[in-house]
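> So that we are looking at the same thing, I have put the structure below in structure tokens.
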Amino acid sequence: MKRAVLLSIDEDLDEIRALLQTLEVVVDTVIVQKRENAHRKTYLGPGKVEEVRQDTELLDTDYIVVNGDLKPSQHHALEMLFQKECIDRVGVILRIFANNAHTKEAKNQVILATLRYELPFLREWIHKAKKGERPGFLSGGAYATEVYYEHARSQIKRIERDLDIHSKQREVRRALRRRRGYFLVSLAGYTNVGKSALLNALSGSRTTVDNRLFSTLSTTTRRLNESKRNILLTDTVGFISKLPPNLVNAFNSTLEEIFLADLILVVIDVSEPFDMVREKLRITLNILIPRLCGNKMLIVGNKIDKIPPASYRELQQSIKAIHPNSDVFLVSATDHIGLVELISAIEVSEGRSCTLVATLPMTDSALSLISALHDSTDIEETKTNNDVKLVLRCRMDEVQKLTGRIEAIGGVVVTTNEAPPGDGTARENGP
Ligand SMILES: Nc1nc2c(ncn2[C@@H]2O[C@H](COP(=O)(O)OP(=O)(O)OP(=O)(O)O)[C@@H](O)[C@H]2O)c(=O)[nH]1
Ligand SMILES: [Mg+2]
């Protein structure tokens with residue numbers, strides 16, 4: 001077990017503690033200096049840092065961990081001062097990812113994110129060494145650092161090429177699945193909310209479920225049990241607040257499995273205090289919504305076995321109020337509560353995965369077509385003086401026929417969002 005001193009300017013330490021526990025690092029001492037912003041040079045104020053440095057009890061610790069993002073100059077200054085390895089929050093997350101990456105693609109993604117993250121730090125070491133300041137104790141001198149820097153750059157290029165191939169393979173696999181009539185559902189949400197447990201409960205599989213953060217990194221696709229329809233569920237990497245952009249970019253091919261599904265189950269852990277539920281849902285939606293392309297979402301409140309049934313109704317309403325566009329289902333993946341209703345909702349979504357927007361002239365034939373469409377599809381209409389705007393939700397195989405019927409009476413199809421662009425993969429275990 002490695003040991004660390006934790007430095008923070010924020011009093012909320014729950015998440016960094018959970019991250020360090022996942023990494024099996026024991027926190028010996030916590031130094032919190034409440035400040036609006038980190039100190040420009042030493043993160044905590046220089047006086048405080050000096051005080052910590054002189055504390056002889058800290059001599060045996062392995063790491064200085066900073067609960068925030070370090071600039072390269074701050075990182076360099078702290079390593080020089082403490083003569084110990086210094087890791088910031090992103091560094092901790094990257095190490096957890098490195099430990100949990102088991103497939104070639106996941107390993108490559110983690111290496112890519114780590115290299116991109118390290119480059120600015122390396123540049124700082126080289127810069128300082130060239131200025132005559134002693135390179136840090138971690139490096140083998142300026143020359144070695146420079147060689148490593150160049151090596152890192154060429155490795156990044158190679159991995160980017162490899163990941164691009166993976167991304168294309170995933171796209172082909174998704175397309176194939178859609179052509180075979182599969183409806184693609186993904187599980188998205190904050191880390192540790194129970195996505196993998198839900199995959200297991202809905203598909204009868206046995207993917208890893210663990211009370212540690214980021215236990216799932218690569219994707220697992222399984223068929224939905226208890227349904228006659230062709231529905232595939234994909235479980236993949238979870239989210240966290242301030243998800244490092246390097247990590248998001250490096251994991252793009254995996255994250256596309258979430259973004260490009262027909263339906264996304266946004267999983268939240270409703271056994272947590274409601275403020276936290278709201279915050280984690282907000283973070284998840286902020287990551288998802290800008291990347292959606294017409295796909296539907298359902299919000300799934302998991303772990304209801306841990307809360308009294310009397311509170312279900314109010315809880316459901318409070319969650320619905322956060323994102324009124326999505327239906328909310330309360331379930332327990334481990335105790336198999338609420339799954340029948342969730343499966344029914346997935347099946348309902350399966351029927352209509354495409355959105356078609358059209359404008360029709362206000363004529364008798366258009367009005368009779370609209371009446372007919374009301375009988376067979378999910379349709380919203382907005383009338384203006386001269387025309388009618390229609391938003392139709394339909395199955396993908398209906399798009400062409402509907403377009404023909406609309407054009408035949410002088411209407412124009414403005415957009416069709418057929419199976420969201422691309423289609424794709426799954427790993428290893430899907431059908
Ligand atoms: N009480 C209870 N615990 C649950 C439920 N679902 C999951 N858990 C527990 O929550 C923890 C996390 O579950 P996972 O399924 O691994 O969560 P995840 O969202 O896949 O997490 P990552 O892959 O790490 O992002 C485990 O300890 C599960 O046993 C549930 O319905 N009720
Ligand atoms: Mg998981």
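Lettering and numbering for the structure tokens are positional, with chains as A, B, ... in the shown order, residues counted from 1 in each chain, and ligands counted from 1 in the shown order.
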Counting only C-alpha atoms and all ligand atoms, what residues are within 8 Å of ligand 2, given as a list of chain:residue names?

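The distance check yields A:Thr191, A:Asn192, A:Gly194, A:Lys195, A:Ser196, A:Ala197, A:Thr207, A:Thr208, A:Val209, A:Asp210, A:Phe214, A:Ser215, A:Thr216, A:Leu217, A:Asp235, A:Thr236, A:Val237, A:Gly238.
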
> Can you tell me, as a ChimeraX atom specification, what residues are no more than 12 Å from Leu292 (chain A) when counting only C-alpha atoms, ignoring any on the same chain fewer than 3 positions away?

/A:255-264,285-289,295-297,417,419-421

> Which of these residues is nearest to Val412 (chain A), using only C-alpha atoms: A:Ala372, A:Ala152, A:Ile231, A:Leu390?

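For Val412 (chain A), the nearest of the candidates is A:Leu390.
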
> Out of A:Lys41, A:Lys389, A:Lys303, A:Arg3, which residue has the shortest atom-to-atom distance to Val26 (chain A) when counting only C-alpha atoms?

A:Arg3

> So that I can see what lies close to Arg223 (chain A), please list as a list of chain:residue names the residues with an atom at most 10 Å from it, counting only C-alpha atoms and leaving out residues fewer than 5 positions away in the same chain.

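Near Arg223 (chain A), the qualifying residues are A:Tyr182, A:Phe183, A:Leu184, A:Val185, A:Leu199, A:Leu202, A:Ser203, A:Gly204, A:Ser205, A:Arg229, A:Asn230, A:Ile231, A:Leu232, A:Leu233, A:Thr234, A:Gly430, A:Pro431.
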
> Any idea what's packed within 7 Å of Asp305 (chain A), counting only C-alpha atoms, ignoring anything in its chain fewer than 2 positions away? Could you give it as a PyMOL selection string?

chain A and resi 303+307+332+335

> Have a look at A:Glu150, A:Glu57, A:Asp269, A:Glu160 and name the one nearest to ligand 1; count only C-alpha atoms and all ligand atoms.

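Ranking A:Glu150, A:Glu57, A:Asp269, A:Glu160 by distance to ligand 1, first place goes to A:Asp269.
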
> Skipping near chain neighbours, those fewer than 6 positions away, what residues fall within 7 Å of region 111-123 of chain A using only C-alpha atoms, listed as a list in words?

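The contact residues come out as Pro72, Leu94, Thr145, Tyr149, Ala152, Ile156, Ile159, Asn246, Leu247 and Ala250 of chain A.
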
> CA of Glu36 (chain A) and CA of Leu78 (chain A), how far apart in Å?

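If I compute the distance from CA of Leu78 (chain A) to CA of Glu36 (chain A), I get 19.6 Å.
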
> For CA of Val193 (chain A) and CA of Leu13 (chain A), determine how far apart the two atoms are, in Å to one decimal place.

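Separation between CA of Val193 (chain A) and CA of Leu13 (chain A): 18.8 Å.
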
> Tell me, which residues of region 43-201 of chain A carry DSSP helix (DSSP H, G or I), written as a VMD selection string?

chain A and resid 46 to 53 56 to 58 72 to 82 89 to 100 104 to 130 142 to 179 195 to 201

> Tell me, in Å to one decimal, how far CA of Leu70 (chain A) is from atom 24 (O, counted along the ligand's line) of ligand 1.

24.9 Å

> Name the residues of region 146-287 of chain A that come out as strand (DSSP E) in a backbone DSSP run; write them as a list of chain:residue names.

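Of region 146-287 of chain A, the ones in strand (DSSP E) are A:Phe183, A:Leu184, A:Val185, A:Ser186, A:Leu187, A:Ala188, A:Gly189, A:Thr220, A:Thr221, A:Arg222, A:Arg223, A:Ile231, A:Leu232, A:Leu233, A:Thr234, A:Asp235, A:Leu263, A:Ile264, A:Leu265, A:Val266, A:Val267, A:Ile268, A:Asp269.
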
> Using only C-alpha atoms and all ligand atoms, which of A:Ala18, A:Val25, A:Arg35, A:Ala345 sits nearest ligand 1?

A:Ala18

> Between A:Ser271, A:Thr221, A:Ser8, A:Gln33, which is the closest to ligand 1 once you count only C-alpha atoms and all ligand atoms?

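Of all the options, A:Ser271 lies closest to ligand 1.
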